[in-house]
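J.: Got a file for you: upload32.txt, compact mmCIF, N, CA and C atoms.
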# COMPACT_ATOMS: atom_id res chain seq x y z
N MET P 73 130.56 72.28 186.00
CA MET P 73 131.18 72.95 184.89
C MET P 73 130.13 73.45 183.89
N ASN P 74 129.04 72.69 183.69
CA ASN P 74 127.99 73.11 182.77
C ASN P 74 127.29 74.38 183.25
N GLY P 75 127.12 74.53 184.57
CA GLY P 75 126.50 75.73 185.13
C GLY P 75 127.34 76.96 184.87
N PHE P 76 128.66 76.80 184.99
CA PHE P 76 129.57 77.91 184.75
C PHE P 76 129.50 78.36 183.29
N LEU P 77 129.43 77.40 182.39
CA LEU P 77 129.33 77.71 180.96
C LEU P 77 128.02 78.43 180.65
N ALA P 78 126.93 77.99 181.27
CA ALA P 78 125.63 78.64 181.07
C ALA P 78 125.66 80.08 181.56
N VAL P 79 126.30 80.33 182.69
CA VAL P 79 126.40 81.70 183.22
C VAL P 79 127.22 82.57 182.27
N LEU P 80 128.30 82.05 181.73
CA LEU P 80 129.10 82.81 180.77
C LEU P 80 128.31 83.15 179.52
N ILE P 81 127.51 82.21 179.03
CA ILE P 81 126.69 82.46 177.84
C ILE P 81 125.66 83.55 178.12
N VAL P 82 125.00 83.48 179.26
CA VAL P 82 123.99 84.49 179.62
C VAL P 82 124.65 85.86 179.77
N LEU P 83 125.80 85.92 180.43
CA LEU P 83 126.49 87.20 180.58
C LEU P 83 126.91 87.77 179.22
N GLY P 84 127.33 86.90 178.31
CA GLY P 84 127.69 87.35 176.97
C GLY P 84 126.49 87.91 176.22
N LEU P 85 125.34 87.26 176.35
CA LEU P 85 124.13 87.75 175.69
C LEU P 85 123.67 89.08 176.28
N VAL P 86 123.75 89.23 177.59
CA VAL P 86 123.36 90.49 178.24
C VAL P 86 124.30 91.61 177.79
N THR P 87 125.58 91.31 177.71
CA THR P 87 126.55 92.31 177.25
C THR P 87 126.27 92.72 175.81
N ALA P 88 125.98 91.76 174.95
CA ALA P 88 125.68 92.07 173.54
C ALA P 88 124.41 92.91 173.43
N LEU P 89 123.38 92.59 174.21
CA LEU P 89 122.14 93.35 174.20
C LEU P 89 122.36 94.78 174.68
N ALA P 90 123.15 94.95 175.74
CA ALA P 90 123.45 96.30 176.24
C ALA P 90 124.22 97.10 175.19
N TRP P 91 125.14 96.44 174.48
CA TRP P 91 125.90 97.12 173.45
C TRP P 91 124.99 97.57 172.30
N LEU P 92 124.04 96.70 171.89
CA LEU P 92 123.10 97.05 170.82
C LEU P 92 122.19 98.19 171.23
N LEU P 93 121.72 98.17 172.47
CA LEU P 93 120.87 99.26 172.96
C LEU P 93 121.63 100.57 172.97
N ARG P 94 122.88 100.53 173.39
CA ARG P 94 123.67 101.75 173.45
C ARG P 94 123.94 102.33 172.08
N ARG P 95 124.16 101.47 171.09
CA ARG P 95 124.39 101.93 169.71
C ARG P 95 123.12 102.36 169.02
N GLY P 96 121.96 101.94 169.52
CA GLY P 96 120.70 102.25 168.85
C GLY P 96 120.42 101.31 167.71
N SER P 97 121.11 100.18 167.66
CA SER P 97 120.97 99.23 166.57
C SER P 97 119.85 98.23 166.80
N LEU P 98 119.22 98.26 167.94
CA LEU P 98 118.20 97.26 168.25
C LEU P 98 116.99 97.41 167.34
N GLY P 99 116.67 98.63 166.89
CA GLY P 99 115.54 98.83 165.99
C GLY P 99 115.69 98.09 164.68
N ALA P 100 116.92 97.97 164.19
CA ALA P 100 117.16 97.24 162.95
C ALA P 100 116.89 95.76 163.13
N LEU P 101 117.14 95.24 164.32
CA LEU P 101 116.89 93.83 164.56
C LEU P 101 115.40 93.53 164.67
N THR P 102 114.62 94.47 165.19
CA THR P 102 113.19 94.23 165.36
C THR P 102 112.41 94.55 164.10
N GLY P 103 113.04 95.17 163.10
CA GLY P 103 112.35 95.49 161.86
C GLY P 103 111.58 96.80 161.93
N ARG P 104 111.70 97.52 163.04
CA ARG P 104 110.99 98.78 163.18
C ARG P 104 111.91 99.97 163.01
N GLY P 105 113.11 99.74 162.53
CA GLY P 105 114.04 100.84 162.37
C GLY P 105 113.46 101.91 161.47
N GLY P 106 113.60 103.16 161.86
CA GLY P 106 113.11 104.25 161.04
C GLY P 106 111.66 104.62 161.30
N ALA P 107 111.01 104.04 162.31
CA ALA P 107 109.63 104.38 162.61
C ALA P 107 109.52 105.82 163.08
N ILE P 108 110.55 106.30 163.77
CA ILE P 108 110.61 107.69 164.22
C ILE P 108 111.94 108.26 163.76
N SER P 109 111.89 109.40 163.07
CA SER P 109 113.15 110.02 162.66
C SER P 109 113.03 111.53 162.76
N VAL P 110 114.15 112.16 163.09
CA VAL P 110 114.22 113.62 163.16
C VAL P 110 114.70 114.11 161.80
N GLU P 111 113.85 114.88 161.11
CA GLU P 111 114.21 115.40 159.80
C GLU P 111 115.13 116.61 159.92
N THR P 112 114.80 117.52 160.81
CA THR P 112 115.62 118.72 161.00
C THR P 112 115.32 119.32 162.36
N ALA P 113 116.28 120.06 162.88
CA ALA P 113 116.12 120.76 164.15
C ALA P 113 116.76 122.13 164.02
N VAL P 114 116.08 123.15 164.54
CA VAL P 114 116.57 124.52 164.46
C VAL P 114 116.57 125.11 165.86
N ALA P 115 117.73 125.56 166.32
CA ALA P 115 117.83 126.20 167.63
C ALA P 115 117.26 127.61 167.55
N LEU P 116 116.47 127.97 168.56
CA LEU P 116 115.84 129.29 168.59
C LEU P 116 116.45 130.20 169.64
N GLY P 117 117.31 129.69 170.45
CA GLY P 117 117.90 130.48 171.53
C GLY P 117 118.30 129.56 172.65
N GLU P 118 118.29 130.09 173.85
CA GLU P 118 118.73 129.31 175.01
C GLU P 118 117.85 128.09 175.23
N ARG P 119 118.35 126.94 174.81
CA ARG P 119 117.72 125.64 175.04
C ARG P 119 116.28 125.57 174.54
N ARG P 120 116.00 126.27 173.44
CA ARG P 120 114.70 126.19 172.79
C ARG P 120 114.93 125.86 171.33
N SER P 121 114.06 125.01 170.77
CA SER P 121 114.25 124.64 169.37
C SER P 121 112.94 124.18 168.75
N LEU P 122 112.92 124.20 167.43
CA LEU P 122 111.84 123.62 166.65
C LEU P 122 112.40 122.39 165.95
N VAL P 123 111.62 121.32 165.96
CA VAL P 123 112.07 120.05 165.40
C VAL P 123 110.98 119.48 164.52
N ILE P 124 111.35 119.02 163.32
CA ILE P 124 110.41 118.29 162.46
C ILE P 124 110.74 116.81 162.60
N VAL P 125 109.74 116.04 163.03
CA VAL P 125 109.92 114.60 163.18
C VAL P 125 108.92 113.86 162.30
N SER P 126 109.32 112.70 161.82
CA SER P 126 108.43 111.81 161.09
C SER P 126 108.09 110.64 161.99
N VAL P 127 106.78 110.41 162.17
CA VAL P 127 106.32 109.32 163.02
C VAL P 127 105.21 108.59 162.29
N GLU P 128 105.46 107.35 161.94
CA GLU P 128 104.46 106.50 161.29
C GLU P 128 103.79 107.19 160.11
N GLY P 129 104.60 107.83 159.26
CA GLY P 129 104.07 108.47 158.06
C GLY P 129 103.54 109.88 158.26
N ARG P 130 103.55 110.37 159.48
CA ARG P 130 103.11 111.74 159.75
C ARG P 130 104.32 112.62 160.02
N ARG P 131 104.26 113.89 159.60
CA ARG P 131 105.32 114.87 159.87
C ARG P 131 104.79 115.87 160.87
N LEU P 132 105.51 116.03 161.97
CA LEU P 132 105.08 116.91 163.05
C LEU P 132 106.13 117.97 163.32
N LEU P 133 105.67 119.21 163.53
CA LEU P 133 106.55 120.29 163.96
C LEU P 133 106.38 120.42 165.46
N LEU P 134 107.46 120.20 166.20
CA LEU P 134 107.41 120.24 167.66
C LEU P 134 108.23 121.41 168.17
N GLY P 135 107.72 122.06 169.21
CA GLY P 135 108.46 123.09 169.92
C GLY P 135 109.02 122.47 171.19
N LEU P 136 110.33 122.63 171.40
CA LEU P 136 110.98 122.02 172.56
C LEU P 136 111.60 123.08 173.46
N THR P 137 111.39 122.95 174.76
CA THR P 137 112.05 123.74 175.77
C THR P 137 112.61 122.74 176.80
N PRO P 138 113.37 123.21 177.78
CA PRO P 138 113.91 122.27 178.76
C PRO P 138 112.83 121.52 179.54
N THR P 139 111.64 122.07 179.65
CA THR P 139 110.60 121.43 180.47
C THR P 139 109.40 120.91 179.68
N THR P 140 109.24 121.33 178.43
CA THR P 140 108.05 120.90 177.68
C THR P 140 108.39 120.54 176.24
N MET P 141 107.50 119.76 175.67
CA MET P 141 107.52 119.46 174.25
C MET P 141 106.08 119.64 173.78
N GLN P 142 105.86 120.52 172.81
CA GLN P 142 104.51 120.83 172.39
C GLN P 142 104.37 120.71 170.88
N LEU P 143 103.26 120.13 170.44
CA LEU P 143 102.97 120.04 169.02
C LEU P 143 102.58 121.42 168.52
N VAL P 144 103.30 121.93 167.52
CA VAL P 144 102.99 123.22 166.92
C VAL P 144 101.96 123.01 165.82
N THR P 145 102.25 122.09 164.89
CA THR P 145 101.32 121.78 163.81
C THR P 145 101.73 120.47 163.15
N GLU P 146 100.80 119.88 162.43
CA GLU P 146 101.12 118.72 161.61
C GLU P 146 101.39 119.22 160.20
N LEU P 147 102.49 118.80 159.62
CA LEU P 147 102.90 119.27 158.30
C LEU P 147 102.44 118.31 157.22
N GLN P 148 102.37 118.83 156.01
CA GLN P 148 102.05 117.99 154.85
C GLN P 148 103.24 117.09 154.54
N PRO P 149 103.01 115.96 153.89
CA PRO P 149 104.14 115.13 153.47
C PRO P 149 105.03 115.91 152.51
N PRO P 150 106.33 115.62 152.50
CA PRO P 150 107.20 116.35 151.58
C PRO P 150 106.83 116.04 150.14
N PRO P 151 106.99 117.00 149.24
CA PRO P 151 106.66 116.74 147.83
C PRO P 151 107.58 115.67 147.27
N ARG P 152 106.98 114.80 146.48
CA ARG P 152 107.77 113.74 145.86
C ARG P 152 108.42 114.28 144.60
N VAL P 153 109.67 113.97 144.42
CA VAL P 153 110.39 114.43 143.24
C VAL P 153 110.26 113.34 142.19
N ALA P 154 109.74 113.72 141.04
CA ALA P 154 109.55 112.76 139.96
C ALA P 154 110.90 112.38 139.37
N ALA P 155 111.03 111.13 139.00
CA ALA P 155 112.26 110.67 138.37
C ALA P 155 112.39 111.29 136.99
N VAL P 156 113.57 111.73 136.68
CA VAL P 156 113.83 112.36 135.38
C VAL P 156 114.59 111.35 134.52
N GLU P 157 114.06 111.11 133.36
CA GLU P 157 114.71 110.17 132.45
C GLU P 157 115.66 110.93 131.54
N VAL P 158 116.90 110.47 131.50
CA VAL P 158 117.92 111.11 130.68
C VAL P 158 118.06 110.31 129.40
N ARG P 159 117.90 111.02 128.27
CA ARG P 159 118.04 110.36 126.97
C ARG P 159 119.28 110.90 126.29
N SER P 160 120.04 110.00 125.66
CA SER P 160 121.24 110.47 124.96
C SER P 160 121.10 110.38 123.48
Using structure tokens, write down the structure from this file.
T.:
Amino acid sequence: MNGFLAVLIVLGLVTALAWLLRRGSLGALTGRGGAISVETAVALGERRSLVIVSVEGRRLLLGLTPTTMQLVTELQPPPRVAAVEVRS
């Protein structure tokens, strides 16, 4: 009976892991969530696009086609907006 319970526990853990992977929530558990993010994507025509991605503090402009992904240029960090203090 103990072996059966152990198999059920392992199957439950595998199912939960598969569910987290499918949702993309596993990055939040590892603490690396947000290491890579797509800022914007612009379609240029039939299955071609330009994409700005942030990777480890760098912003990259990538050109994508069905068969290739090519670095177009590295972009400057976005300008920081200064906080505005409102006085009444």
J.: Can you measure atom C of Gly117 of chain P to atom N of Leu134 of chain P for me? One decimal in Å is fine.
T.: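 Value for the atom C of Gly117 of chain P-atom N of Leu134 of chain P distance: 15.7 Å.
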J.: Mind giving me the straight-line distance from atom CA of Leu136 of chain P to atom CA of Ile108 of chain P in Å, one decimal?
T.: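 Atom CA of Ile108 of chain P lies at a distance of 16.6 Å from atom CA of Leu136 of chain P.
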J.: Counting only N, CA and C atoms, which residues have an atom no more than 6.5 Å from (107.9, 109.2, 159.7) in the file's coordinates? Please list them as a PyMOL selection string.
T.: chain P and resi 106-109+125-131
J.: Return as AutoDock Vina command-line options the centre and edge lengths, in Å with one decimal, of the box along x, y and z that encloses every atom of segment 116-132 of chain P in the file, padded by 8 Å per side.
T.:
--center_x 110.9 --center_y 118.5 --center_z 166.6 --size_x 31.6 --size_y 40.0 --size_z 33.2
J.: So what do you get for atom CA of Ala115 of chain P versus atom CA of Arg152 of chain P, distance-wise?
T.: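 Taking atom CA of Ala115 of chain P as the start and atom CA of Arg152 of chain P as the end point, the length is 27.0 Å.
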